[in-house]
Every structure is written in structure tokens, then in C-alpha cells.
file protein_39.txt (compact mmCIF, C-alpha atoms)
# COMPACT_ATOMS: atom_id res chain seq x y z
CA MET A 30 0.00 0.00 0.00
CA LEU A 31 2.72 2.50 0.99
CA ILE A 32 4.83 1.84 -2.13
CA THR A 33 1.77 2.10 -4.38
CA GLN A 34 0.72 5.40 -2.84
CA ILE A 35 4.22 6.85 -3.17
CA MET A 36 4.32 5.81 -6.83
CA PHE A 37 1.00 7.53 -7.50
CA LEU A 38 2.01 10.68 -5.62
CA VAL A 39 5.34 10.90 -7.46
CA THR A 40 3.51 10.39 -10.77
CA PHE A 41 1.00 13.10 -9.87
CA ILE A 42 3.71 15.61 -8.94
CA TYR A 43 5.75 14.71 -12.04
CA TRP A 44 2.68 15.33 -14.21
CA ILE A 45 2.09 18.70 -12.51
CA MET A 46 5.67 19.72 -13.25
CA ALA A 47 5.50 18.40 -16.82
CA TYR A 48 2.36 20.15 -17.91
CA SER A 49 3.17 23.34 -15.97
CA TYR A 50 6.37 23.99 -17.89
CA VAL A 51 5.98 21.98 -21.10
CA VAL A 52 2.40 22.98 -21.93
CA LEU A 53 0.84 25.47 -19.52
CA THR A 54 3.31 28.38 -19.53
CA PRO A 55 3.50 28.50 -23.36
CA SER A 56 -0.31 28.25 -23.49
CA ILE A 57 -0.63 31.31 -21.27
CA LEU A 58 1.78 33.28 -23.46
CA ILE A 59 -0.27 32.57 -26.60
CA SER A 60 -3.58 32.99 -24.69
CA ASN A 61 -4.76 29.49 -25.56
CA ASP A 62 -7.63 29.12 -23.09
CA TYR A 63 -8.83 25.88 -24.68
CA LEU A 64 -5.53 24.13 -24.02
CA ILE A 65 -5.44 25.43 -20.43
CA LYS A 66 -8.93 24.03 -19.77
CA TYR A 67 -8.11 20.72 -21.45
CA VAL A 68 -5.08 20.25 -19.24
CA LYS A 69 -7.34 20.73 -16.20
CA LYS A 70 -9.62 18.00 -17.54
CA LEU A 71 -6.65 15.64 -17.82
CA SER A 72 -5.61 16.42 -14.25
CA GLN A 73 -9.12 15.66 -13.06
CA THR A 74 -8.91 12.20 -14.62
CA LEU A 75 -5.53 11.57 -12.97
CA THR A 76 -7.01 12.66 -9.63
CA VAL A 77 -9.83 10.11 -9.95
CA PHE A 78 -7.36 7.39 -10.93
CA THR A 79 -4.98 8.24 -8.05
CA LEU A 80 -7.61 8.21 -5.32
CA ILE A 81 -9.40 5.06 -6.52
CA TYR A 82 -6.39 2.91 -7.39
CA GLY A 83 -3.64 4.50 -5.34
CA PHE A 84 -5.52 5.22 -2.11
CA LYS A 85 -8.25 2.55 -2.44
CA SER A 86 -11.10 5.05 -2.25
CA GLU A 87 -14.71 4.33 -3.12
CA PHE A 88 -17.11 7.19 -3.73
CA TYR A 89 -20.78 7.16 -2.79
CA LEU A 90 -23.55 9.73 -3.17
CA THR A 91 -26.92 9.81 -1.45
CA ASN A 92 -29.89 8.99 -3.64
CA THR A 93 -32.07 11.95 -4.55
CA GLN A 94 -35.11 12.49 -6.72
CA GLN A 95 -33.49 15.53 -8.32
CA ASN A 96 -31.27 15.17 -11.38
CA ILE A 97 -28.30 16.96 -9.83
CA LYS A 98 -26.08 16.29 -12.83
CA GLN A 99 -28.50 18.13 -15.08
CA LEU A 100 -29.28 20.98 -12.67
CA ILE A 101 -25.65 21.80 -11.86
CA ASN A 102 -24.83 22.09 -15.57
CA LEU A 103 -27.62 24.57 -16.36
CA ASN A 104 -27.12 28.31 -16.94
CA THR A 105 -23.54 28.33 -18.20
CA ASP A 106 -23.68 32.12 -18.17
CA LEU A 107 -23.67 31.98 -14.35
CA VAL A 108 -21.20 30.70 -11.74
CA ASP A 109 -22.47 28.17 -9.18
CA ILE A 110 -20.93 28.25 -5.71
CA ILE A 111 -20.26 24.99 -3.85
CA VAL A 112 -19.97 25.07 -0.06
CA CYS A 113 -18.15 22.12 1.53
CA ASN A 114 -16.88 21.01 4.93
CA HIS A 115 -13.11 20.68 5.35
CA ILE A 116 -12.13 17.36 6.94
CA THR A 117 -8.90 16.28 5.22
CA THR A 118 -5.88 17.72 3.47
CA ILE A 119 -7.14 16.22 0.19
CA ASP A 120 -10.72 17.53 0.29
CA PHE A 121 -10.07 19.53 -2.87
CA LEU A 122 -9.15 16.28 -4.66
CA ILE A 123 -12.24 14.50 -3.31
CA ILE A 124 -14.44 17.35 -4.54
CA ILE A 125 -12.78 17.12 -7.97
CA VAL A 126 -13.81 13.45 -8.14
CA TYR A 127 -17.46 14.28 -7.40
CA LEU A 128 -17.37 17.08 -9.98
CA LYS A 129 -16.05 14.58 -12.52
CA TYR A 130 -19.17 12.49 -11.90
CA PHE A 131 -21.32 15.60 -12.49
CA ASN A 132 -19.45 16.33 -15.76
CA ILE A 133 -18.05 19.57 -14.32
CA THR A 134 -14.53 20.18 -15.61
CA ASN A 135 -14.43 23.95 -15.16
CA TYR A 136 -13.95 24.36 -11.41
CA ASN A 137 -12.07 26.78 -9.19
CA PHE A 138 -11.31 27.16 -5.48
CA ILE A 139 -10.81 29.81 -2.84
CA LEU A 140 -7.09 29.46 -2.08
CA ASN A 141 -4.38 30.96 0.07
CA TYR A 142 -2.42 33.49 -1.99
CA LYS A 143 0.88 31.80 -1.04
CA VAL A 144 0.17 28.78 -3.27
CA LYS A 145 1.04 30.90 -6.30
CA HIS A 146 4.70 30.63 -5.34
CA ILE A 147 4.85 26.81 -5.15
CA VAL A 148 6.89 25.37 -8.02
CA GLY A 149 4.61 23.76 -10.60
CA PHE A 150 1.37 24.35 -8.72
CA GLY A 151 1.80 28.12 -8.68
CA ILE A 152 1.48 28.66 -12.42
CA ILE A 153 -1.68 26.49 -12.38
CA MET A 154 -3.21 28.80 -9.79
CA TYR A 155 -2.15 31.80 -11.88
CA ALA A 156 -3.63 30.39 -15.11
CA ASN A 157 -7.02 29.63 -13.60
CA PRO A 158 -9.43 32.12 -12.02
CA ASP A 159 -9.14 30.54 -8.58
CA ILE A 160 -9.74 33.28 -6.02
CA LYS A 161 -6.60 33.84 -3.96
CA VAL A 162 -6.96 35.35 -0.51
CA PHE A 163 -4.51 36.72 2.07
CA ARG A 164 -6.79 35.72 4.97
CA ASN A 165 -6.77 39.35 5.99
CA TRP A 166 -10.19 40.92 5.51
CA GLU A 167 -8.81 44.43 5.01
CA LEU A 168 -6.71 43.19 2.08
CA ASP A 169 -9.14 40.62 0.72
CA GLN A 170 -12.24 42.74 0.08
CA ASP A 171 -10.91 44.69 -2.91
CA ASN A 172 -8.71 41.79 -3.97
CA MET A 173 -11.63 39.35 -4.17
CA GLN A 174 -13.83 41.88 -5.96
CA LYS A 175 -11.25 42.28 -8.73
CA GLN A 176 -10.83 38.51 -9.10
CA ILE A 177 -14.57 37.93 -9.38
CA GLN A 178 -14.49 40.11 -12.49
CA ASN A 179 -12.07 37.60 -14.06
CA PHE A 180 -14.76 34.94 -14.31
CA ASN A 181 -15.70 34.76 -17.98
CA THR A 182 -19.35 33.73 -17.99
CA ASN A 183 -19.76 33.53 -21.75
CA VAL A 184 -22.96 31.58 -22.38
CA SER A 185 -21.21 29.26 -24.84
CA SER A 186 -18.57 28.15 -22.34
CA LYS A 187 -18.68 25.15 -20.03
CA LYS A 188 -20.39 25.47 -16.68
CA GLN A 189 -18.18 27.06 -14.01
CA VAL A 190 -18.29 26.33 -10.30
CA LEU A 191 -16.41 27.91 -7.40
CA ILE A 192 -15.68 25.80 -4.30
CA ILE A 193 -15.28 27.30 -0.84
CA PHE A 194 -14.52 25.65 2.52
CA PRO A 195 -16.03 28.13 5.02
CA GLU A 196 -14.26 26.53 7.99
CA GLY A 197 -11.07 27.92 6.49
CA THR A 198 -8.85 25.16 7.84
CA ARG A 199 -8.74 21.38 8.10
CA TYR A 200 -10.10 19.47 11.04
CA THR A 201 -7.81 18.51 13.91
CA LYS A 202 -8.72 17.60 17.49
CA GLU A 203 -7.01 20.73 18.76
CA LYS A 204 -8.90 23.01 16.37
CA PHE A 205 -12.12 21.15 17.17
CA GLU A 206 -11.72 21.78 20.91
CA ILE A 207 -11.05 25.47 20.27
CA ALA A 208 -14.14 25.65 18.04
CA GLN A 209 -16.28 24.02 20.75
CA GLU A 210 -15.20 26.60 23.32
CA PHE A 211 -15.79 29.40 20.82
CA SER A 212 -19.34 28.17 20.12
CA LYS A 213 -20.12 28.01 23.82
CA SER A 214 -18.78 31.50 24.45
CA LYS A 215 -20.74 33.01 21.56
CA GLY A 216 -23.98 31.09 22.04
CA ILE A 217 -23.92 29.59 18.55
CA PRO A 218 -24.54 25.93 17.60
CA ILE A 219 -22.03 23.39 18.90
CA TYR A 220 -21.04 20.83 16.27
CA ASP A 221 -19.98 17.24 16.90
CA HIS A 222 -17.87 16.76 13.76
CA LEU A 223 -17.33 20.19 12.26
CA LEU A 224 -15.47 23.41 12.96
CA VAL A 225 -17.35 26.70 13.11
CA PRO A 226 -17.82 28.14 9.60
CA LYS A 227 -16.59 31.65 8.86
CA ALA A 228 -19.50 33.44 7.24
CA ARG A 229 -17.95 36.67 5.99
CA GLY A 230 -16.07 35.25 2.97
CA LEU A 231 -19.05 33.26 1.65
CA TRP A 232 -21.38 36.19 2.33
CA PHE A 233 -19.11 38.50 0.34
CA LEU A 234 -18.83 36.03 -2.56
CA ILE A 235 -22.56 35.48 -2.89
CA ASN A 236 -23.37 39.18 -2.76
CA SER A 237 -20.55 40.15 -5.12
CA PHE A 238 -21.51 37.54 -7.74
CA LYS A 239 -25.14 38.60 -7.38
CA LYS A 240 -24.31 42.28 -7.97
CA ALA A 241 -22.21 41.31 -10.99
CA ASN A 242 -25.18 39.28 -12.37
CA LYS A 243 -23.00 36.15 -12.32
CA LEU A 244 -24.52 34.17 -9.46
CA GLY A 245 -26.05 30.81 -10.30
CA ARG A 246 -27.09 28.21 -7.76
CA VAL A 247 -25.50 27.71 -4.35
CA TRP A 248 -24.83 24.04 -3.58
CA ASP A 249 -23.92 22.31 -0.33
CA ILE A 250 -21.73 19.22 -0.40
CA THR A 251 -21.13 17.35 2.85
CA LEU A 252 -18.34 14.78 2.93
CA THR A 253 -17.90 11.97 5.44
CA VAL A 254 -14.87 9.70 5.40
CA PRO A 255 -15.39 7.08 8.14
CA SER A 256 -11.70 6.17 8.30
CA MET A 257 -10.90 9.79 9.21
CA LEU A 258 -13.97 10.78 11.21
CA GLY A 259 -12.91 12.72 14.30
CA LYS A 260 -9.22 12.46 13.40
CA SER A 261 -6.54 14.69 11.99
CA ALA A 262 -6.16 13.98 8.28
CA TYR A 263 -3.06 15.68 6.95
CA VAL A 264 -0.86 14.00 4.33
CA LYS A 265 1.24 12.23 6.99
CA ASP A 266 -1.98 10.73 8.40
CA LEU A 267 -3.05 9.37 5.01
CA ILE A 268 0.13 7.72 3.76
CA GLY A 269 0.30 3.96 4.13
CA LYS A 270 -3.44 3.54 4.76
CA PRO A 271 -6.45 3.05 2.48
CA ILE A 272 -8.90 5.93 2.52
CA GLY A 273 -11.81 3.56 2.02
CA PRO A 274 -15.39 4.71 1.35
CA VAL A 275 -16.20 8.40 0.99
CA TYR A 276 -19.85 9.31 1.52
CA GLY A 277 -21.23 12.51 0.10
CA THR A 278 -24.53 14.30 -0.13
CA ILE A 279 -25.40 17.33 -2.24
CA LYS A 280 -28.33 19.71 -2.14
CA GLU A 281 -29.14 23.19 -3.34
CA LEU A 282 -29.08 25.87 -0.67
CA LYS A 283 -32.00 28.26 -1.00
CA LEU A 284 -31.14 31.87 -0.24
CA ASP A 285 -34.47 32.38 1.49
CA VAL A 286 -33.23 35.01 3.95
CA ASN A 287 -31.97 38.56 3.69
CA TYR A 288 -28.49 37.37 2.69
CA GLU A 289 -27.31 40.95 2.16
CA ASP A 290 -27.31 41.38 5.94
CA LEU A 291 -24.23 39.71 7.42
CA GLU A 292 -25.74 38.81 10.80
CA THR A 293 -28.82 37.24 9.22
CA PHE A 294 -26.55 35.35 6.82
CA LYS A 295 -24.45 34.05 9.73
CA THR A 296 -27.53 32.62 11.45
CA TRP A 297 -28.61 30.98 8.17
CA LEU A 298 -25.16 29.45 7.64
CA PHE A 299 -24.91 28.14 11.21
CA LYS A 300 -28.28 26.40 10.78
CA ASN A 301 -27.15 24.77 7.56
CA TRP A 302 -23.98 23.65 9.33
CA VAL A 303 -26.15 21.86 11.90
CA ILE A 304 -27.74 19.92 9.03
CA LYS A 305 -24.29 19.01 7.70
CA ASP A 306 -23.22 17.89 11.15
CA ASN A 307 -26.31 15.69 11.47
CA PHE A 308 -25.52 14.02 8.16
CA MET A 309 -22.04 13.16 9.39
CA LYS A 310 -23.45 11.75 12.64
CA HIS A 311 -26.06 9.60 10.87
CA TYR A 312 -24.37 8.87 7.53
CA LYS A 313 -24.98 5.11 7.94
CA LYS A 314 -28.75 5.62 7.80
CA PHE A 315 -28.76 7.01 4.25
CA VAL A 316 -29.14 5.13 0.98
CA TYR A 317 -26.28 5.63 -1.48
CA LYS A 318 -25.25 4.83 -4.99
CA LYS A 319 -21.65 4.01 -5.82
CA LEU A 320 -20.06 6.30 -8.38
CA TYR A 321 -18.49 4.90 -11.54
CA PHE A 322 -16.55 6.84 -14.16
CA ASP A 323 -16.48 6.59 -17.94
CA LYS A 324 -13.68 4.98 -19.91
CA THR A 325 -12.35 8.24 -21.35
CA LYS A 326 -9.85 8.04 -18.50
CA TYR A 327 -7.69 5.69 -20.59
CA LYS A 328 -7.48 8.21 -23.43
CA HIS A 329 -6.64 10.93 -20.94
CA LEU A 330 -4.04 8.78 -19.20
CA ALA A 331 -2.35 8.09 -22.55
CA ILE A 332 -1.99 11.85 -23.14
CA ILE A 333 -0.66 12.32 -19.59
CA VAL A 334 1.99 9.65 -20.20
CA LEU A 335 2.94 11.31 -23.50
CA VAL A 336 3.43 14.73 -21.85
CA CYS A 337 5.50 13.14 -19.07
CA LEU A 338 7.66 11.40 -21.68
CA ILE A 339 8.24 14.70 -23.48
CA PHE A 340 9.17 16.27 -20.15
CA SER A 341 11.67 13.44 -19.51
CA LEU A 342 13.20 13.84 -22.97
CA LEU A 343 13.59 17.59 -22.46
CA LEU A 344 15.31 16.96 -19.10
CA GLY A 345 17.78 14.69 -20.89
CA LYS A 346 18.72 17.22 -23.58
CA LYS A 347 20.78 20.37 -23.08
CA TYR A 348 18.49 22.59 -25.16
CA GLY A 349 15.47 20.91 -23.62
CA ARG A 350 16.69 21.91 -20.18
CA TYR A 351 17.15 25.47 -21.46
CA TYR A 352 13.54 25.42 -22.65
CA LEU A 353 12.32 24.23 -19.24
CA LEU A 354 14.46 26.79 -17.41
CA ILE A 355 13.10 29.61 -19.58
CA SER A 356 9.57 28.28 -19.01
CA LEU A 357 10.14 28.21 -15.23
CA VAL A 358 11.54 31.76 -15.15
CA THR A 359 8.74 33.01 -17.40
CA ALA A 360 6.14 31.40 -15.13
CA TYR A 361 7.51 33.20 -12.06
CA MET A 362 7.73 36.50 -13.92
CA LEU A 363 4.06 36.16 -14.87
CA ILE A 364 3.10 35.33 -11.29
CA ILE A 365 5.11 38.13 -9.68
CA PHE A 366 4.80 41.00 -12.13
CA LYS A 367 1.50 40.55 -13.96
call {"tool": "encode", "arguments": {"input": "protein_39.txt", "output": "C-alpha cells"}}
result
Amino acid sequence: MLITQIMFLVTFIYWIMAYSYVVLTPSILISNDYLIKYVKKLSQTLTVFTLIYGFKSEFYLTNTQQNIKQLINLNTDLVDIIVCNHITTIDFLIIIVYLKYFNITNYNFILNYKVKHIVGFGIIMYANPDIKVFRNWELDQDNMQKQIQNFNTNVSSKKQVLIIFPEGTRYTKEKFEIAQEFSKSKGIPIYDHLLVPKARGLWFLINSFKKANKLGRVWDITLTVPSMLGKSAYVKDLIGKPIGPVYGTIKELKLDVNYEDLETFKTWLFKNWVIKDNFMKHYKKFVYKKLYFDKTKYKHLAIIVLVCLIFSLLLGKKYGRYYLLISLVTAYMLIIFK
């Protein structure tokens, strides 16, 4: 298990490096948005493959009478917001798997601004309209407003979704205990499996997208991973162990309150967090369907292997290494100065 996971992780990182500097940086320079989006689709396939075969994950979704796959792909001229709990260090990968099932390949996250400086990953964050935050409200208000304008909601484009984890940080026992004390001191709901959500960022996003006439539906996804329930789940806690089943439920959140008022919005969010917490407590009582994925993954994997081979050949050639060095320098110049 450990060797298999390491092999998959090394492959994943190698692919990130390969497409970042062989394909992505040149694509940005020639403004080839199609190629940038296609590379994201390939990465989504590799994510599914890594979690299922490398980490022995199985993905389940609660049965519902609604056709979520159809609803979430409607109104491509609008951006849907997905709200999710934050239980592991790989929640963003788990969400990507569920989005793959819903045929959503155009997805973005709320991220810490520092990720732009990570080798390989940074240029990906630059190329996509992920919203980067400083986690300082005074700095983030104007910064987020400008980034929201970067969402191209052309009606002919693929559906776009933006994922936010309102808890702002991953679950640990220490953070959980602090959250419990905070809830008691403030007289707000006390959760058994979740941290207290921070309402201001989500409130700002919803209102800003609404004012820009770009707001679609607001979705809630709740994840439960029994093997990690009530435990810290950073990378070091995941290596060498199977993840096992992942249970998810999705529903549309109705903005049936005065969501322009922050205090009213907070109360609404806290109530929805109680519902999420109850799902995690009683996840065994729900009826699920297991998720399966189409066979296009083999075509995608063949392209991934090809790009990695090209990357390897460039590393082995003097002029190839010059190309990669220039690509790396160019990527950082774009990130820092543009």
C-alpha cells in the first residue's frame, strides 16, 4: 500500500511539473484558453485514478429524486458556488472526483495566496481564475472583488463552479476543541464533527456575484470519510493507509433570507452547518449509490503519459533543459509581475 501510494504521488507531482512547464506556460503566453482548460480535464482524470487505485477510495452519493447532474450544468452564463466542509488535506481532490461524476470540468477554489509561489502548482493557480486570498479581511475585500471580475461567464462556455470551505482550515482535534469553546462563548450551535464556519467570505462572494449578475445556484456538499472521522487527516496521516469509502450528499441551498445582511446570513449558515453535522453523525442511515466513471480516462491517461515522456526527454537534452528553465523563469515573472 505504501509503495503504491508513493508511486502515485510521485507520478502526480511529475505530471504537474511536466504540464506546468511543457504545456501550460507556453499556453498562457499565446492565450490558448482551450488548451489550459483541457489540461485541467486531464488532471481531473488523474485525480480520480490516483484516489481510486492509489488510495483505495470508493465514492458514494446519497440517492435523490433531483437530477443533480442536469441541474448543476444549467445556466452556463452563471457561476455556481459549492460550499463544503473541510475534513482532510485532500478535500479539494475529493471534490474534484465528485465534480467529474457531475461532468463539471471547469472548477475553481478559494485558495491561500501563497500557493502561487509553489513550483509547478503556482502557475496552475495563476492560469485559472481561482480566487486567492490573504486571509486578511482588510486586504481581501478589494482583492476578491477584482478577481470575481475575471470569471468569464460567456454563455457558450462550459459550466463554471467555485468551491469554498467556510471553515477555512482542516479538522484537527485541537482546532475542534477550540471551536467548541468558541461556540459556547458566543452562544452559537455546537457541532460534533465540524469546525465553526466563517460566514464573511461566503457572504461577500454570494453578494458580489449577485451584484455582478454572475450568481447561479448555491450548492452544499457534505463529505464523510469514516476512516478519518474525528481524526486529523493531513498527508502524513493518510500515507500507508487506504482511505476507504467516501460518503457525500449534495443539495441546493436556498437563499431564502436577507443574505445581504451579514448577521442574518451568519444565522442561516450556522443552521445549515447543523444539518451538515447531522448528516455526518447519521451517515450510515442514508441510501447511497456508488459512483463509476467513464472509460475516457484511458485516453486521458495516454496523453498524460505522453506529456511526461516529453518532459523526460527535455530533461535529458541540453536545449530541452534550457527550454524548461526559460519556461520556469517566465512562469515566475508572470506570477510576480502581472
call {"tool": "residues_around", "arguments": {"input": "protein_39.txt", "residues": "stretch 131-146 of chain A", "least_positions_apart": "3", "cutoff": "9 Å", "atoms": "only C-alpha atoms", "output": "PyMOL selection string"}}
result
chain A and resi 66-67+69-70+73+97-99+101-102+121+125-128+149-155+157-164+187-194+361+364-365
call {"tool": "closest_residue", "arguments": {"input": "protein_39.txt", "among": "A:Ser86, A:Thr105, A:Asn287, A:Ser72", "to": "A:Tyr43", "atoms": "only C-alpha atoms"}}
result
A:Ser72
call {"tool": "residues_around", "arguments": {"input": "protein_39.txt", "residues": "A:Val112", "least_positions_apart": "2", "cutoff": "10 Å", "atoms": "all atoms listed in the file", "output": "JSON, numbers by chain"}}
result
{"A": [109, 110, 114, 115, 191, 192, 193, 194, 195, 196, 231, 247, 248, 249, 250, 251, 279, 281, 282]}
call {"tool": "residues_around", "arguments": {"input": "protein_39.txt", "residues": "A:Leu335", "least_positions_apart": "5", "cutoff": "12 Å", "atoms": "only C-alpha atoms", "output": "PyMOL selection string"}}
result
chain A and resi 44+47-48+51-52+71+328-330+340-342
call {"tool": "residues_around", "arguments": {"input": "protein_39.txt", "residues": "A:Asp285", "least_positions_apart": "4", "cutoff": "12 Å", "atoms": "all atoms listed in the file", "output": "list of chain:residue names"}}
result
A:Val247, A:Glu281, A:Glu289, A:Thr293, A:Phe294, A:Trp297, A:Leu298
call {"tool": "atom_distance", "arguments": {"input": "protein_39.txt", "atom1": "atom CA of A:Thr91", "atom2": "atom CA of A:Thr278"}}
result
5.3 Å
call {"tool": "closest_residue", "arguments": {"input": "protein_39.txt", "among": "A:Phe238, A:His222, A:Thr118, A:Ser212", "to": "A:Gln176", "atoms": "all atoms listed in the file"}}
result
A:Phe238
call {"tool": "closest_residue", "arguments": {"input": "protein_39.txt", "among": "A:Asn92, A:Tyr50, A:Leu234, A:Leu122", "to": "A:Lys314", "atoms": "all atoms listed in the file"}}
result
A:Asn92
call {"tool": "closest_residue", "arguments": {"input": "protein_39.txt", "among": "A:Leu357, A:Ile219, A:Cys337, A:Ile147", "to": "A:Val39", "atoms": "only C-alpha atoms"}}
result
A:Cys337
call {"tool": "atom_distance", "arguments": {"input": "protein_39.txt", "atom1": "atom CA of A:Gln34", "atom2": "atom CA of A:Thr79"}}
result
8.2 Å
call {"tool": "atom_distance", "arguments": {"input": "protein_39.txt", "atom1": "atom CA of A:Pro255", "atom2": "atom CA of A:Phe205"}}
result
17.0 Å
call {"tool": "residues_around", "arguments": {"input": "protein_39.txt", "residues": "A:Leu267", "least_positions_apart": "2", "cutoff": "10 Å", "atoms": "only C-alpha atoms", "output": "PyMOL selection string"}}
result
chain A and resi 31+34+84+117-119+256-257+261-265+269-272
call {"tool": "axis_aligned_box", "arguments": {"input": "protein_39.txt", "around": "stretch 274-289 of chain A", "padding_each_side": "8 Å", "output": "AutoDock Vina command-line options"}}
result
--center_x -24.9 --center_y 22.8 --center_z 0.3 --size_x 35.1 --size_y 52.2 --size_z 23.3
call {"tool": "closest_residue", "arguments": {"input": "protein_39.txt", "among": "A:Asn104, A:Ser356, A:Ser60, A:Ser49", "to": "A:Arg246", "atoms": "all atoms listed in the file"}}
result
A:Asn104
call {"tool": "closest_residue", "arguments": {"input": "protein_39.txt", "among": "A:Ser237, A:Thr198, A:Thr359, A:Asn165", "to": "A:Ser56", "atoms": "only C-alpha atoms"}}
result
A:Thr359
